[in-house]
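J.: File follows, coords_27.csv with CSV, C-alpha atoms and all ligand atoms:
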```
chain,number,residue,atom,x,y,z
O,1,ASP,CA,120.0,68.4,48.9
O,2,GLY,CA,119.9,68.6,45.1
O,3,LEU,CA,116.6,70.4,45.5
O,4,ILE,CA,116.9,73.9,44.0
O,5,THR,CA,114.0,75.0,41.9
O,6,ILE,CA,110.2,75.0,42.2
O,7,GLN,CA,110.1,72.1,39.7
O,8,ASP,CA,112.6,70.1,41.9
O,9,PHE,CA,110.3,70.5,44.9
O,10,VAL,CA,107.2,69.6,43.0
O,11,ARG,CA,108.8,66.4,41.7
O,12,TRP,CA,110.2,65.5,45.0
O,13,GLY,CA,106.9,66.1,46.8
O,14,ALA,CA,105.1,64.0,44.3
O,15,SER,CA,107.5,61.1,44.6
O,16,ARG,CA,107.2,61.3,48.4
O,17,PHE,CA,103.4,61.2,48.1
O,18,ASN,CA,103.5,58.2,45.8
O,19,ALA,CA,105.9,56.4,48.0
O,20,ALA,CA,103.8,57.0,51.1
O,21,GLY,CA,100.7,55.6,49.3
O,22,LEU,CA,98.6,58.7,50.1
O,23,PHE,CA,94.9,58.8,49.1
O,24,PHE,CA,94.1,61.4,46.4
O,25,GLY,CA,90.5,62.3,46.0
O,26,HIS,CA,90.0,65.4,48.1
O,27,GLY,CA,90.1,68.0,45.4
O,28,THR,CA,92.8,66.3,43.2
O,29,ASP,CA,93.4,62.9,41.8
O,30,ASN,CA,97.2,62.8,41.5
O,31,ALA,CA,100.4,63.4,43.3
O,32,ILE,CA,101.9,66.0,40.9
O,33,ASP,CA,98.9,68.3,41.3
O,34,GLU,CA,98.9,68.1,45.0
O,35,ALA,CA,102.6,68.7,45.2
O,36,ALA,CA,102.3,71.7,42.9
O,37,GLN,CA,99.5,73.1,45.0
O,38,LEU,CA,101.5,72.8,48.2
O,39,VAL,CA,104.7,74.1,46.9
O,40,LEU,CA,103.1,77.1,45.2
O,41,SER,CA,101.0,77.8,48.4
O,42,GLY,CA,104.2,77.7,50.5
O,43,LEU,CA,105.7,80.3,48.2
O,44,HIS,CA,102.5,82.4,48.3
O,45,LEU,CA,102.2,81.9,44.5
O,46,GLU,CA,98.9,81.5,42.7
O,47,PRO,CA,98.1,78.1,41.2
O,48,GLY,CA,98.6,78.1,37.4
O,49,LEU,CA,102.1,79.5,37.5
O,50,PRO,CA,103.4,80.1,33.9
O,51,THR,CA,105.7,77.2,33.0
O,52,GLY,CA,108.9,79.3,32.9
O,53,PHE,CA,108.7,80.1,36.5
O,54,TYR,CA,109.1,76.5,37.6
O,55,ASP,CA,112.9,77.1,37.2
O,56,CYS,CA,113.0,79.8,39.9
O,57,ARG,CA,115.1,78.9,42.9
O,58,LEU,CA,113.9,78.7,46.5
O,59,THR,CA,115.6,80.6,49.3
O,60,PRO,CA,116.5,78.6,52.4
O,61,ALA,CA,113.6,80.0,54.3
O,62,GLU,CA,111.2,79.0,51.5
O,63,ARG,CA,112.6,75.5,51.5
O,64,VAL,CA,111.7,75.1,55.1
O,65,LEU,CA,108.1,76.3,54.5
O,66,VAL,CA,107.6,74.0,51.5
O,67,CYS,CA,109.2,71.0,53.2
O,68,ASP,CA,106.9,71.5,56.2
O,69,LEU,CA,103.8,71.5,54.1
O,70,ILE,CA,104.9,68.3,52.2
O,71,GLU,CA,105.7,66.6,55.6
O,72,ARG,CA,102.3,67.5,57.1
O,73,ARG,CA,100.6,66.0,54.0
O,74,VAL,CA,102.7,62.8,54.3
O,75,VAL,CA,102.9,62.3,58.1
O,76,GLU,CA,99.6,63.7,59.3
O,77,ARG,CA,97.7,62.8,56.1
O,78,VAL,CA,96.0,66.3,56.1
O,79,PRO,CA,94.2,66.8,52.7
O,80,ALA,CA,96.1,69.4,50.7
O,81,ALA,CA,93.0,71.7,50.6
O,82,TYR,CA,93.3,72.2,54.4
O,83,LEU,CA,97.0,73.0,54.1
O,84,THR,CA,96.4,75.6,51.4
O,85,GLY,CA,93.0,76.8,52.6
O,86,ARG,CA,91.5,76.6,49.1
O,87,ALA,CA,89.7,74.1,46.9
O,88,TRP,CA,87.9,74.0,43.5
O,89,PHE,CA,84.4,72.9,42.7
O,90,ALA,CA,82.4,73.2,39.6
O,91,GLY,CA,85.1,75.5,38.2
O,92,LEU,CA,84.9,77.9,41.1
O,93,GLU,CA,87.3,78.5,44.0
O,94,PHE,CA,86.3,78.1,47.6
O,95,SER,CA,87.9,78.8,51.0
O,96,VAL,CA,88.0,75.7,53.2
O,97,ASN,CA,89.2,74.7,56.7
O,98,PRO,CA,88.8,71.4,58.7
O,99,HIS,CA,85.3,72.4,59.8
O,100,VAL,CA,84.0,71.5,56.3
O,101,LEU,CA,84.5,68.6,54.0
O,102,VAL,CA,86.8,69.2,51.1
O,103,PRO,CA,84.5,70.1,48.2
O,104,ARG,CA,83.8,67.2,45.9
O,105,SER,CA,80.6,65.7,44.6
O,106,PRO,CA,79.3,64.3,41.3
O,107,ILE,CA,76.5,66.9,41.9
O,108,ALA,CA,78.9,69.4,40.4
O,109,GLU,CA,78.1,68.1,36.9
O,110,LEU,CA,74.4,68.6,37.5
O,111,VAL,CA,74.8,72.1,38.9
O,112,GLU,CA,77.0,73.2,36.0
O,113,ALA,CA,74.3,72.0,33.6
O,114,GLY,CA,71.7,74.1,35.5
O,115,PHE,CA,70.0,70.8,36.5
O,116,ASP,CA,69.1,70.2,32.8
O,117,PRO,CA,67.5,67.9,31.7
O,118,TRP,CA,65.8,67.2,35.0
O,119,ILE,CA,64.2,70.6,35.4
O,120,ASP,CA,63.8,73.6,33.1
O,121,SER,CA,66.6,75.8,34.5
O,122,GLU,CA,64.6,78.9,33.4
O,123,ARG,CA,61.9,78.0,36.0
O,124,VAL,CA,64.3,77.5,38.9
O,125,GLY,CA,63.5,80.4,41.2
O,126,ARG,CA,64.5,78.9,44.5
O,127,VAL,CA,67.2,76.4,45.5
O,128,LEU,CA,67.9,74.8,48.9
O,129,ASP,CA,71.3,73.3,49.7
O,130,LEU,CA,71.1,71.1,52.8
O,131,CYS,CA,74.2,70.2,54.7
O,132,THR,CA,76.0,72.9,52.7
O,133,GLY,CA,79.4,72.8,54.5
O,134,SER,CA,81.7,75.2,52.6
O,135,GLY,CA,78.6,76.2,50.6
O,136,CYS,CA,80.1,74.9,47.4
O,137,ILE,CA,77.0,73.3,45.9
O,138,GLY,CA,74.6,76.1,46.6
O,139,ILE,CA,77.0,78.9,45.7
O,140,ALA,CA,77.7,77.1,42.4
O,141,ALA,CA,73.9,76.8,41.8
O,142,ALA,CA,73.6,80.6,42.4
O,143,THR,CA,76.4,81.1,39.9
O,144,TYR,CA,75.2,78.9,37.1
O,145,LEU,CA,71.5,79.8,37.6
O,146,PRO,CA,71.6,83.6,37.4
O,147,ASP,CA,67.9,84.0,38.4
O,148,ALA,CA,67.8,81.7,41.3
O,149,ASP,CA,67.7,82.6,45.0
O,150,VAL,CA,69.6,80.1,47.1
O,151,ASP,CA,69.3,79.0,50.8
O,152,LEU,CA,72.4,77.4,52.3
O,153,VAL,CA,71.6,75.3,55.4
O,154,ASP,CA,73.9,73.5,57.9
O,155,ILE,CA,73.7,72.5,61.5
O,156,SER,CA,77.3,73.5,62.2
O,157,PRO,CA,78.0,77.1,63.0
O,158,GLU,CA,81.7,76.6,62.3
O,159,ALA,CA,80.9,75.3,58.8
O,160,LEU,CA,78.5,78.2,58.2
O,161,GLU,CA,81.3,80.7,59.0
O,162,VAL,CA,83.2,79.1,56.1
O,163,ALA,CA,80.1,79.2,53.9
O,164,ARG,CA,79.5,82.9,54.7
O,165,ARG,CA,83.1,83.7,53.7
O,166,ASN,CA,82.5,81.9,50.4
O,167,VAL,CA,79.2,83.7,49.8
O,168,GLU,CA,81.0,87.0,50.3
O,169,ARG,CA,83.6,86.3,47.7
O,170,SER,CA,81.2,84.6,45.2
O,171,GLY,CA,79.9,87.8,43.5
O,172,VAL,CA,76.3,86.4,43.8
O,173,GLY,CA,75.9,86.9,47.5
O,174,GLU,CA,72.8,89.1,47.2
O,175,ARG,CA,70.8,86.0,46.0
O,176,ILE,CA,72.1,83.7,48.8
O,177,ARG,CA,70.9,83.3,52.4
O,178,VAL,CA,72.8,81.3,55.0
O,179,LEU,CA,70.8,79.6,57.7
O,180,GLU,CA,71.7,77.5,60.7
O,181,SER,CA,69.2,74.7,60.8
O,182,ASP,CA,68.9,70.9,61.5
O,183,LEU,CA,67.8,70.0,57.9
O,184,PHE,CA,64.4,71.6,57.4
O,185,ALA,CA,63.8,72.6,61.0
O,186,ALA,CA,64.2,76.4,60.5
O,187,LEU,CA,62.5,76.5,57.1
O,188,THR,CA,58.8,76.2,57.8
O,189,GLY,CA,56.7,77.4,55.0
O,190,SER,CA,59.4,77.7,52.4
O,191,GLN,CA,59.2,75.9,49.1
O,192,TYR,CA,61.9,75.2,46.5
O,193,ASP,CA,62.2,74.2,42.9
O,194,VAL,CA,65.4,72.3,43.6
O,195,ILE,CA,66.5,70.8,46.9
O,196,VAL,CA,70.1,69.5,46.6
O,197,SER,CA,72.2,67.8,49.3
O,198,ASN,CA,75.4,66.0,49.8
O,199,PRO,CA,74.6,64.9,53.4
O,200,PRO,CA,76.8,62.7,55.6
O,201,TYR,CA,76.0,59.1,54.5
O,202,VAL,CA,78.9,57.0,55.5
O,203,SER,CA,78.2,54.0,57.9
O,204,ARG,CA,80.2,53.5,61.1
O,205,LEU,CA,81.8,50.4,59.6
O,206,GLU,CA,82.7,52.1,56.3
O,207,PHE,CA,84.0,55.2,58.2
O,208,ALA,CA,86.5,53.0,60.2
O,209,GLY,CA,87.9,51.7,56.9
O,210,LEU,CA,88.3,55.1,55.1
O,211,PRO,CA,91.8,56.4,54.3
O,212,ALA,CA,93.5,58.6,56.9
O,213,GLU,CA,92.7,61.7,55.0
O,214,TYR,CA,89.0,61.3,55.8
O,215,HIS,CA,89.8,61.2,59.5
O,216,ASN,CA,91.1,64.7,59.2
O,217,GLU,CA,87.7,65.8,57.9
O,218,PRO,CA,84.8,66.7,60.2
O,219,GLU,CA,83.0,63.5,61.3
O,220,LEU,CA,79.8,65.5,61.3
O,221,GLY,CA,80.0,65.8,57.5
O,222,LEU,CA,80.7,62.1,56.8
O,223,LEU,CA,79.0,59.9,59.4
O,224,GLY,CA,75.3,59.3,58.9
O,225,GLY,CA,74.7,57.1,61.9
O,226,GLU,CA,75.1,53.3,62.3
O,227,ASP,CA,74.1,52.4,58.7
O,228,GLY,CA,74.9,55.8,57.2
O,229,LEU,CA,71.3,56.5,56.2
O,230,ASP,CA,70.0,58.6,59.1
O,231,LEU,CA,70.2,61.9,57.3
O,232,VAL,CA,69.3,60.6,53.9
O,233,ILE,CA,66.1,59.0,55.2
O,234,ARG,CA,65.1,62.2,57.1
O,235,ILE,CA,65.6,64.2,53.9
O,236,LEU,CA,63.7,61.8,51.7
O,237,SER,CA,60.8,61.7,54.3
O,238,ASP,CA,60.4,65.5,54.6
O,239,ALA,CA,61.4,66.9,51.2
O,240,ALA,CA,58.0,66.7,49.5
O,241,ARG,CA,56.5,69.4,51.7
O,242,TYR,CA,59.3,71.8,50.8
O,243,LEU,CA,59.2,71.3,47.0
O,244,THR,CA,57.2,73.3,44.5
O,245,GLU,CA,55.1,71.5,42.0
O,246,GLY,CA,57.5,69.9,39.5
O,247,GLY,CA,60.3,70.5,41.9
O,248,ILE,CA,63.2,68.0,42.2
O,249,LEU,CA,65.3,66.6,45.0
O,250,ILE,CA,68.9,65.6,44.4
O,251,VAL,CA,70.8,63.7,47.1
O,252,GLU,CA,74.2,62.2,46.9
O,253,VAL,CA,74.2,58.8,48.6
O,254,GLY,CA,77.4,57.1,47.5
O,255,ASN,CA,77.0,53.4,47.2
O,256,SER,CA,74.2,53.1,49.7
O,257,ALA,CA,71.6,52.8,47.0
O,258,PRO,CA,70.7,49.2,47.6
O,259,ALA,CA,70.4,49.7,51.3
O,260,LEU,CA,68.1,52.7,50.7
O,261,GLN,CA,65.9,50.9,48.3
O,262,GLN,CA,65.5,48.2,51.0
O,263,ARG,CA,64.5,50.7,53.7
O,264,LEU,CA,62.2,52.8,51.5
O,265,PRO,CA,60.8,50.3,49.0
O,266,GLU,CA,57.8,52.5,48.2
O,267,VAL,CA,60.0,55.3,46.8
O,268,PRO,CA,60.8,55.0,43.1
O,269,PHE,CA,64.3,56.5,42.9
O,270,THR,CA,65.9,57.8,39.8
O,271,TRP,CA,69.4,56.5,40.3
O,272,LEU,CA,72.2,58.4,38.5
O,273,GLU,CA,75.6,56.7,38.6
O,274,PHE,CA,78.8,58.5,38.0
O,275,GLU,CA,82.1,57.0,36.8
O,276,ARG,CA,84.4,58.3,39.5
O,277,GLY,CA,84.8,56.0,42.4
O,278,GLY,CA,81.3,54.6,42.2
O,279,GLU,CA,79.7,57.6,43.8
O,280,GLY,CA,76.0,57.9,43.1
O,281,VAL,CA,73.3,60.4,43.3
O,282,PHE,CA,69.6,60.0,43.7
O,283,LEU,CA,67.2,62.3,41.9
O,284,LEU,CA,63.6,62.4,42.8
O,285,LEU,CA,60.8,64.4,41.2
O,286,ARG,CA,58.1,65.8,43.5
O,287,GLU,CA,55.5,63.3,42.2
O,288,GLN,CA,57.7,60.4,43.2
O,289,LEU,CA,57.9,61.7,46.7
O,290,VAL,CA,54.3,62.5,47.6
N,301,LIG,N1,82.4,58.9,50.3
N,301,LIG,C1,82.0,60.2,50.3
N,301,LIG,C2,83.0,61.2,49.7
N,301,LIG,O1,84.2,60.9,49.8
N,301,LIG,C3,81.5,60.7,51.6
N,301,LIG,C4,80.9,62.1,51.6
N,301,LIG,C5,79.6,62.2,52.4
N,301,LIG,O2,79.4,61.5,53.3
N,301,LIG,N2,78.8,63.1,52.0
N,301,LIG,O3,82.7,62.2,49.1
```
Would you mind writing the file out in structure tokens?

T.:
Amino acid sequence: DGLITIQDFVRWGASRFNAAGLFFGHGTDNAIDEAAQLVLSGLHLEPGLPTGFYDCRLTPAERVLVCDLIERRVVERVPAAYLTGRAWFAGLEFSVNPHVLVPRSPIAELVEAGFDPWIDSERVGRVLDLCTGSGCIGIAAATYLPDADVDLVDISPEALEVARRNVERSGVGERIRVLESDLFAALTGSQYDVIVSNPPYVSRLEFAGLPAEYHNEPELGLLGGEDGLDLVIRILSDAARYLTEGGILIVEVGNSAPALQQRLPEVPFTWLEFERGGEGVFLLLREQLV
């Protein structure tokens, strides 16, 4: 009632989102962007609609579709990316579904910089993305490093299906391999200049307290065992063997840095902290790992 144009529905959706106290952080950080994504997706319109078109009116059938998307976001707390099937990472678009985390990671900034200044991007020949999920980090690496061959690894066949779809549409698929593997298990003998990973690192306690949106994501991609560090520790313990000389390991660990330093006191981490939400990334050079 009183809702007529695209603009009306975007404003209405955003005010419902704010009133419901939704969590924004799965691909967007605000209610208006999320509402616009859902409304446009319900109308089968591309994001980035020219401003003038926001005055177009919706048909009754379109109103039903759009209201349904807004309701699912509010009531079921489904992240918008799952409702639209798309997400953006490092300036690139990715297909997503609930078998993969919604792409987000401070590692995006490192990838876009070609891992400069941590390694000379000219000498990056091989990259490994562990726990790749949608493939976003590794595919972005292949895109920003035009000479690199990239392996995408995940333990979940359902996630790898999504990753394969993203590889196909990436335009750089001829330099990417997709492998089902429990971390390094299927990679014997391979060596990489960059190993990068956003593994599951949330503890059971933290997991229970996360906003409802996270509980619509795959637990496999978030939970890292009791204290969250299971996968991170395994990666840190094995990585040295898979790095070339001068190679680097980049692992997102959120705010588990202090806990990690306690469990692995002998490893001298290079700790990069990012503004957004206190997420953090560890960066290790091969020499630090051996
Ligand atoms: N807190 C992290 C996030 O929202 C969890 C991701 C992870 O476990 N890798 O991105």

J.: Which residues are close to range 129-137 of chain O, i.e. within 6 Å by all atoms listed in the file, leaving aside same-chain residues fewer than 4 positions away? Reply as a ChimeraX atom specification.

T.: /O:100,152-154,159,162-163,196-197,199

J.: For Val64 in chain O, which residue among O:Gly189, O:Gly173, O:Gly2, O:Gly42 is the nearest when counting only C-alpha atoms?

T.: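 Selected residue with least distance to Val64 in chain O: O:Gly42.
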
J.: Just to confirm, what's the straight-line distance from CA of Ala90 in chain O to CA of Val102 in chain O in Å (one decimal)?

T.: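 Here the two named atoms are 12.9 Å from each other.
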
J.: Find the residues near His44 in chain O: any atom within 10 Å, counting all atoms listed in the file, skip ones fewer than 5 places away on the same chain, and give them as a ChimeraX atom specification.

T.: /O:38-39,62,84

J.: Please return as a list in words the residues found within 8 Å of ligand LIG 301 (chain N), counting all atoms listed in the file.

T.: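 Going residue by residue within 8 Å of ligand LIG 301 (chain N), we get Gly25, His26, Leu101, Arg104, Ser105, Asn198, Pro199, Pro200, Tyr201, Val202, Tyr214, Gly221, Leu222, Leu223, Gly224, Glu252, Val253, Gly254 and Glu279 of chain O.
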
J.: Give the answer as one residue: which of O:Ser156, O:Asn255, O:Thr59, O:Ser237 has the shortest atom-to-atom distance to Thr5 in chain O, using only C-alpha atoms?

T.: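 Looking at the shortest contact to Thr5 in chain O, the residue is O:Thr59.
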
J.: Considering only C-alpha atoms, return as a ChimeraX atom specification whatever protein or nucleic-acid residues lie within 8 Å of Ile195 in chain O, sequence-local ones (same chain, fewer than 4 positions apart) excluded.

T.: /O:127-130,239,243,247-250

J.: Go ahead and save the picked residues with C-alpha atoms, as a PDB file, in the frame of the given file.

T.:
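Saved to selection.pdb:
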```
ATOM      1  CA  VAL O 127      67.200  76.400  45.500  1.00  0.00           C
ATOM      2  CA  LEU O 128      67.900  74.800  48.900  1.00  0.00           C
ATOM      3  CA  ASP O 129      71.300  73.300  49.700  1.00  0.00           C
ATOM      4  CA  LEU O 130      71.100  71.100  52.800  1.00  0.00           C
ATOM      5  CA  ALA O 239      61.400  66.900  51.200  1.00  0.00           C
ATOM      6  CA  LEU O 243      59.200  71.300  47.000  1.00  0.00           C
ATOM      7  CA  GLY O 247      60.300  70.500  41.900  1.00  0.00           C
ATOM      8  CA  ILE O 248      63.200  68.000  42.200  1.00  0.00           C
ATOM      9  CA  LEU O 249      65.300  66.600  45.000  1.00  0.00           C
ATOM     10  CA  ILE O 250      68.900  65.600  44.400  1.00  0.00           C
TER      11      ILE O 250
END
```

J.: Do a neighbour search on Ala240 in chain O at 12 Å with all atoms listed in the file, toss out local chain neighbours closer than 3 positions, and write the hits as a list of chain:residue names.

T.: O:Phe184, O:Ser190, O:Gln191, O:Tyr192, O:Asp193, O:Val194, O:Ile195, O:Arg234, O:Ile235, O:Leu236, O:Ser237, O:Leu243, O:Thr244, O:Glu245, O:Gly246, O:Gly247, O:Ile248, O:Leu249, O:Val267, O:Leu284, O:Leu285, O:Arg286, O:Glu287, O:Gln288, O:Leu289, O:Val290

J.: Between CA of Ser95 in chain O and CA of Arg169 in chain O, measure the distance and give it in Å to one decimal.

T.: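 These atoms are spaced 9.3 Å apart.
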
J.: Please, what distance in Å, to one decimal, runs between CA of Arg73 in chain O and CA of Leu43 in chain O?

T.: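 Going from CA of Arg73 in chain O over to CA of Leu43 in chain O, I get 16.3 Å.
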
J.: Taking into account all atoms listed in the file, which residue in the set O:Arg175, O:His215, O:Arg241, O:Arg263 is nearest to Arg77 in chain O?

T.: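 Of O:Arg175, O:His215, O:Arg241, O:Arg263, the one nearest Arg77 in chain O is O:His215, counting all atoms listed in the file.
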
J.: Taking 6 positions as the minimum chain separation for residues in the same chain, which residues sit within 12 Å of Thr51 in chain O when counting all atoms listed in the file? Answer as a PDB file with C-alpha atoms, keeping the file's coordinate frame.

T.:
```
ATOM      1  CA  ILE O   6     110.200  75.000  42.200  1.00  0.00           C
ATOM      2  CA  GLN O   7     110.100  72.100  39.700  1.00  0.00           C
ATOM      3  CA  ALA O  36     102.300  71.700  42.900  1.00  0.00           C
TER       4      ALA O  36
END
```

J.: Have a look at O:Ile139, O:Leu58, O:Leu272, O:Leu69 and name the one nearest to Ser170 in chain O; count all atoms listed in the file.

T.: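 Closest to Ser170 in chain O, using all atoms listed in the file: O:Ile139.
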
J.: Return the single residue from O:Ala81, O:Cys56, O:Pro211, O:Ile233 that is closest to Glu34 in chain O, with distances computed using all atoms listed in the file.

T.: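 Looking only at the distances to Glu34 in chain O, the closest residue turns out to be O:Ala81.
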
J.: With all atoms listed in the file as the atoms that count, which of O:Leu160, O:Leu145, O:Val74, O:Asp182 lies nearest to Asp116 in chain O?

T.: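 Closest residue, counting all atoms listed in the file: O:Leu145.
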
J.: Missing atoms in range 187-218 of chain O need filling: write out N, CA and C atoms for it as an mmCIF file, in the frame of the given file.

T.:
```
data_model
loop_
_atom_site.group_PDB
_atom_site.id
_atom_site.type_symbol
_atom_site.label_atom_id
_atom_site.label_comp_id
_atom_site.auth_asym_id
_atom_site.auth_seq_id
_atom_site.Cartn_x
_atom_site.Cartn_y
_atom_site.Cartn_z
ATOM 1 N N LEU O 187 62.975 76.035 58.385
ATOM 2 C CA LEU O 187 62.500 76.500 57.100
ATOM 3 C C LEU O 187 61.009 76.426 56.886
ATOM 4 N N THR O 188 60.238 76.417 57.976
ATOM 5 C CA THR O 188 58.800 76.200 57.800
ATOM 6 C C THR O 188 58.188 77.164 56.836
ATOM 7 N N GLY O 189 57.375 76.608 55.944
ATOM 8 C CA GLY O 189 56.700 77.400 55.000
ATOM 9 C C GLY O 189 57.387 77.679 53.679
ATOM 10 N N SER O 190 58.688 77.434 53.631
ATOM 11 C CA SER O 190 59.400 77.700 52.400
ATOM 12 C C SER O 190 59.256 76.573 51.392
ATOM 13 N N GLN O 191 59.254 76.934 50.116
ATOM 14 C CA GLN O 191 59.200 75.900 49.100
ATOM 15 C C GLN O 191 60.261 76.205 47.999
ATOM 16 N N TYR O 192 60.805 75.133 47.447
ATOM 17 C CA TYR O 192 61.900 75.200 46.500
ATOM 18 C C TYR O 192 61.688 74.447 45.257
ATOM 19 N N ASP O 193 62.263 74.939 44.156
ATOM 20 C CA ASP O 193 62.200 74.200 42.900
ATOM 21 C C ASP O 193 63.231 73.098 42.855
ATOM 22 N N VAL O 194 64.358 73.344 43.521
ATOM 23 C CA VAL O 194 65.400 72.300 43.600
ATOM 24 C C VAL O 194 65.890 72.260 45.049
ATOM 25 N N ILE O 195 65.863 71.052 45.609
ATOM 26 C CA ILE O 195 66.500 70.800 46.900
ATOM 27 C C ILE O 195 67.695 69.875 46.576
ATOM 28 N N VAL O 196 68.871 70.297 46.992
ATOM 29 C CA VAL O 196 70.100 69.500 46.600
ATOM 30 C C VAL O 196 70.860 69.291 47.912
ATOM 31 N N SER O 197 71.470 68.110 48.029
ATOM 32 C CA SER O 197 72.200 67.800 49.300
ATOM 33 C C SER O 197 73.271 66.766 49.057
ATOM 34 N N ASN O 198 74.426 67.021 49.643
ATOM 35 C CA ASN O 198 75.400 66.000 49.800
ATOM 36 C C ASN O 198 75.581 65.783 51.324
ATOM 37 N N PRO O 199 74.651 65.015 51.901
ATOM 38 C CA PRO O 199 74.600 64.900 53.400
ATOM 39 C C PRO O 199 75.670 63.850 53.812
ATOM 40 N N PRO O 200 75.936 63.777 55.120
ATOM 41 C CA PRO O 200 76.800 62.700 55.600
ATOM 42 C C PRO O 200 76.018 61.367 55.353
ATOM 43 N N TYR O 201 76.686 60.387 54.735
ATOM 44 C CA TYR O 201 76.000 59.100 54.500
ATOM 45 C C TYR O 201 76.879 57.900 54.649
ATOM 46 N N VAL O 202 77.999 58.072 55.340
ATOM 47 C CA VAL O 202 78.900 57.000 55.500
ATOM 48 C C VAL O 202 78.495 56.180 56.803
ATOM 49 N N SER O 203 78.487 54.857 56.728
ATOM 50 C CA SER O 203 78.200 54.000 57.900
ATOM 51 C C SER O 203 79.363 53.944 58.821
ATOM 52 N N ARG O 204 79.089 53.554 60.079
ATOM 53 C CA ARG O 204 80.200 53.500 61.100
ATOM 54 C C ARG O 204 81.275 52.516 60.599
ATOM 55 N N LEU O 205 80.856 51.410 60.035
ATOM 56 C CA LEU O 205 81.800 50.400 59.600
ATOM 57 C C LEU O 205 82.685 50.936 58.431
ATOM 58 N N GLU O 206 82.020 51.545 57.433
ATOM 59 C CA GLU O 206 82.700 52.100 56.300
ATOM 60 C C GLU O 206 83.703 53.217 56.778
ATOM 61 N N PHE O 207 83.205 54.023 57.724
ATOM 62 C CA PHE O 207 84.000 55.200 58.200
ATOM 63 C C PHE O 207 85.318 54.671 58.782
ATOM 64 N N ALA O 208 85.263 53.588 59.557
ATOM 65 C CA ALA O 208 86.500 53.000 60.200
ATOM 66 C C ALA O 208 87.500 52.630 59.121
ATOM 67 N N GLY O 209 87.005 52.223 57.940
ATOM 68 C CA GLY O 209 87.900 51.700 56.900
ATOM 69 C C GLY O 209 88.389 52.795 55.932
ATOM 70 N N LEU O 210 87.949 54.036 56.112
ATOM 71 C CA LEU O 210 88.300 55.100 55.100
ATOM 72 C C LEU O 210 89.786 55.483 55.317
ATOM 73 N N PRO O 211 90.437 55.919 54.224
ATOM 74 C CA PRO O 211 91.800 56.400 54.300
ATOM 75 C C PRO O 211 91.984 57.490 55.340
ATOM 76 N N ALA O 212 93.199 57.614 55.854
ATOM 77 C CA ALA O 212 93.500 58.600 56.900
ATOM 78 C C ALA O 212 93.039 59.985 56.617
ATOM 79 N N GLU O 213 93.098 60.375 55.341
ATOM 80 C CA GLU O 213 92.700 61.700 55.000
ATOM 81 C C GLU O 213 91.297 62.067 55.438
ATOM 82 N N TYR O 214 90.388 61.090 55.333
ATOM 83 C CA TYR O 214 89.000 61.300 55.800
ATOM 84 C C TYR O 214 88.913 61.583 57.258
ATOM 85 N N HIS O 215 89.844 61.017 58.020
ATOM 86 C CA HIS O 215 89.800 61.200 59.500
ATOM 87 C C HIS O 215 90.321 62.549 59.902
ATOM 88 N N ASN O 216 90.806 63.326 58.946
ATOM 89 C CA ASN O 216 91.100 64.700 59.200
ATOM 90 C C ASN O 216 89.965 65.639 58.781
ATOM 91 N N GLU O 217 88.902 65.055 58.259
ATOM 92 C CA GLU O 217 87.700 65.800 57.900
ATOM 93 C C GLU O 217 86.723 65.766 59.074
ATOM 94 N N PRO O 218 85.746 66.678 59.115
ATOM 95 C CA PRO O 218 84.800 66.700 60.200
ATOM 96 C C PRO O 218 83.886 65.419 60.136
#
```
